[in-house]
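Visitor: Enclosed is the structure file query_29.csv (CSV, C-alpha atoms).
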chain,number,residue,atom,x,y,z
A,1,GLN,CA,-13.0,55.6,-24.2
A,2,VAL,CA,-10.2,53.3,-23.4
A,3,GLN,CA,-9.0,52.6,-19.9
A,4,LEU,CA,-5.8,51.0,-18.9
A,5,VAL,CA,-5.2,49.5,-15.5
A,6,GLU,CA,-1.7,48.5,-14.4
A,7,SER,CA,-0.8,46.3,-11.4
A,8,GLY,CA,2.0,44.3,-10.0
A,9,GLY,CA,4.6,46.8,-9.0
A,10,GLY,CA,6.2,46.9,-5.5
A,11,LEU,CA,9.4,46.6,-3.5
A,12,VAL,CA,11.7,43.6,-4.1
A,13,GLU,CA,15.2,42.8,-3.2
A,14,ALA,CA,17.9,42.6,-5.8
A,15,GLY,CA,17.8,39.3,-7.6
A,16,GLY,CA,14.1,39.0,-7.1
A,17,SER,CA,11.2,38.9,-9.5
A,18,LEU,CA,8.0,40.8,-10.2
A,19,LYS,CA,5.3,40.5,-12.8
A,20,LEU,CA,3.5,43.5,-14.1
A,21,SER,CA,0.2,43.5,-15.9
A,22,CYS,CA,-1.7,46.1,-17.9
A,23,SER,CA,-5.3,45.5,-19.0
A,24,ALA,CA,-7.3,47.6,-21.5
A,25,SER,CA,-11.0,48.0,-21.3
A,26,GLY,CA,-13.6,50.1,-23.0
A,27,THR,CA,-15.1,50.2,-26.5
A,28,PHE,CA,-12.6,49.6,-29.3
A,29,ASP,CA,-12.1,47.3,-32.3
A,30,GLY,CA,-8.9,45.8,-31.1
A,31,ILE,CA,-5.3,46.4,-30.2
A,32,ASN,CA,-2.2,46.6,-32.3
A,33,SER,CA,1.0,46.6,-30.4
A,34,MET,CA,1.7,46.8,-26.7
A,35,ALA,CA,4.8,47.9,-24.9
A,36,TRP,CA,6.3,48.7,-21.5
A,37,TYR,CA,8.3,51.8,-20.8
A,38,ARG,CA,10.0,53.0,-17.6
A,39,GLN,CA,11.1,56.3,-16.2
A,40,ALA,CA,13.6,56.6,-13.4
A,41,PRO,CA,13.9,59.8,-11.4
A,42,GLY,CA,15.7,62.5,-13.4
A,43,LYS,CA,15.7,60.4,-16.5
A,44,GLN,CA,13.7,60.3,-19.7
A,45,ARG,CA,11.1,57.6,-20.3
A,46,ALA,CA,12.7,54.7,-22.1
A,47,LEU,CA,11.3,51.7,-24.0
A,48,VAL,CA,11.7,48.4,-22.0
A,49,ALA,CA,10.0,45.9,-24.2
A,50,HIS,CA,7.6,45.8,-27.1
A,51,ILE,CA,5.2,43.1,-28.5
A,52,ALA,CA,3.7,43.4,-31.9
A,53,THR,CA,0.3,42.3,-33.2
A,54,GLY,CA,1.7,39.0,-34.4
A,55,GLY,CA,3.6,38.3,-31.2
A,56,SER,CA,7.1,39.3,-32.2
A,57,THR,CA,9.0,40.9,-29.4
A,58,ASN,CA,12.0,43.2,-28.9
A,59,TYR,CA,13.8,44.4,-25.8
A,60,ALA,CA,16.0,47.1,-24.6
A,61,ASP,CA,19.6,45.9,-24.2
A,62,PHE,CA,19.5,46.6,-20.5
A,63,VAL,CA,16.8,44.0,-19.9
A,64,LYS,CA,17.6,41.3,-22.5
A,65,GLY,CA,17.7,37.9,-20.9
A,66,ARG,CA,16.0,39.1,-17.7
A,67,PHE,CA,12.6,40.4,-18.7
A,68,ALA,CA,9.9,38.8,-20.8
A,69,ILE,CA,6.9,40.5,-22.4
A,70,SER,CA,3.7,38.6,-23.3
A,71,ARG,CA,0.1,39.3,-24.1
A,72,ASP,CA,-3.3,37.8,-23.7
A,73,VAL,CA,-5.2,38.8,-26.8
A,74,LEU,CA,-8.6,37.7,-25.4
A,75,ARG,CA,-8.1,39.7,-22.2
A,76,ASN,CA,-6.5,42.7,-23.9
A,77,THR,CA,-3.7,42.4,-21.4
A,78,VAL,CA,0.0,42.7,-21.6
A,79,TYR,CA,2.5,41.4,-19.0
A,80,LEU,CA,6.1,42.1,-18.1
A,81,GLU,CA,7.8,39.4,-16.2
A,82,MET,CA,10.9,40.8,-14.6
A,83,ASN,CA,13.6,38.5,-13.2
A,84,SER,CA,17.1,39.0,-11.7
A,85,LEU,CA,16.1,42.5,-10.8
A,86,LYS,CA,18.8,45.1,-10.1
A,87,PRO,CA,18.6,48.3,-8.2
A,88,GLU,CA,19.0,50.2,-11.5
A,89,ASP,CA,15.7,48.7,-12.6
A,90,THR,CA,14.0,51.0,-10.0
A,91,ALA,CA,11.5,53.2,-11.9
A,92,VAL,CA,7.9,53.9,-12.6
A,93,TYR,CA,6.8,51.4,-15.3
A,94,TYR,CA,4.2,52.4,-17.8
A,95,CYS,CA,2.3,50.4,-20.4
A,96,LEU,CA,1.6,51.8,-23.8
A,97,VAL,CA,-1.2,50.3,-25.9
A,98,SER,CA,-1.8,51.1,-29.5
A,99,VAL,CA,-5.6,50.8,-30.1
A,100,LYS,CA,-6.9,50.2,-33.6
A,101,PHE,CA,-8.2,53.4,-35.2
A,102,ARG,CA,-7.9,55.2,-31.8
A,103,GLY,CA,-4.3,55.9,-31.2
A,104,ASP,CA,-1.9,55.3,-28.3
A,105,TYR,CA,-2.8,55.1,-24.6
A,106,TRP,CA,-0.6,55.2,-21.6
A,107,GLY,CA,-1.2,53.4,-18.3
A,108,GLN,CA,-1.1,55.3,-15.0
A,109,GLY,CA,2.3,53.8,-14.1
A,110,THR,CA,3.3,51.4,-11.4
A,111,GLN,CA,6.3,51.9,-9.1
A,112,VAL,CA,9.0,49.2,-9.0
A,113,THR,CA,11.7,49.6,-6.4
A,114,VAL,CA,14.6,47.2,-6.1
A,115,SER,CA,16.6,47.3,-2.9
A,116,SER,CA,20.3,46.4,-2.8
So that I can check it, write out the structure of this file as structure tokens.

Guide:
Amino acid sequence: QVQLVESGGGLVEAGGSLKLSCSASGTFDGINSMAWYRQAPGKQRALVAHIATGGSTNYADFVKGRFAISRDVLRNTVYLEMNSLKPEDTAVYYCLVSVKFRGDYWGQGTQVTVSS
């Protein structure tokens, strides 16, 4: 069984910053890629950022230059540092973890609200 625990969401004013984290625990052989998605009300879930096993990253155009994804391999944790937040960044943010030989797992989601 693999458990994911997200934290770090909250309410912030436009221009502010937040840092999300997602930690995986349980019995598994390791983690491949990790990613963050978000889903705003009435919209489909969309990829925000992705980090591969080797550490290479890619970002959705709407967050490039403002968000940074990173991972702590020893702690099986992925982070999303969000800067220069805008009201349109308001959404529930989900981590997605690809576990070796086990498949993909979603976090429970954490709400990020950016006020104007």

Visitor: Smallest atom-to-atom distance to Lys64 of chain A: which of A:Leu11, A:Leu85, A:Cys95, A:Val78, using all atoms listed in the file?

Guide: A:Leu85

Visitor: Give me, please, the distance in Å between atom CA of Leu4 of chain A and atom CA of Ala68 of chain A, quoted to one decimal.

Guide: 20.0 Å

Visitor: Using all atoms listed in the file, which of the listed residues (A:Leu80, A:Val63, A:Leu18, A:Val97) sits closest to Met34 of chain A?

Guide: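 Among the listed residues, A:Val97 lies closest to Met34 of chain A.
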
Visitor: With only C-alpha atoms as the basis for distance, which of A:Val2, A:Met82, A:Val112, A:Ala24 is at the shortest distance from Ala49 of chain A?

Guide: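 Looking only at the distances to Ala49 of chain A, the closest residue turns out to be A:Met82.
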
Visitor: Rank A:Gln3, A:Asn76, A:Tyr37, A:Thr27 by their smallest atom-to-atom distance to Thr110 of chain A, using all atoms listed in the file, and report the top residue only.

Guide: A:Tyr37

Visitor: Do you have the atom CA of Arg66 of chain A-atom CA of Ser98 of chain A distance handy?

Guide: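 Atom-to-atom, atom CA of Arg66 of chain A and atom CA of Ser98 of chain A are spaced 24.5 Å apart.
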
Visitor: Expressed in Å to a single decimal, how great is the separation between atom CA of Gly55 of chain A and atom CA of Asp72 of chain A?

Guide: 10.2 Å

Visitor: Have a look at A:Gly42, A:Gly109, A:Gly103, A:Gly54 and name the one nearest to Gln1 of chain A; count all atoms listed in the file.

Guide: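 Ranking A:Gly42, A:Gly109, A:Gly103, A:Gly54 by distance to Gln1 of chain A, first place goes to A:Gly103.
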
Visitor: In terms of the shortest atom-to-atom distance over only C-alpha atoms, which of A:Ala52, A:Val99, A:Ala91, A:Leu47 is closest to Thr113 of chain A?

Guide: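 Closest candidate: A:Ala91.
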
Visitor: Excluding Ile51 of chain A and residues on its chain fewer than 3 positions from it, collect all residues at most 7 Å away from it, counting all atoms listed in the file, and give them as a ChimeraX atom specification.

Guide: /A:33-35,55-58,69
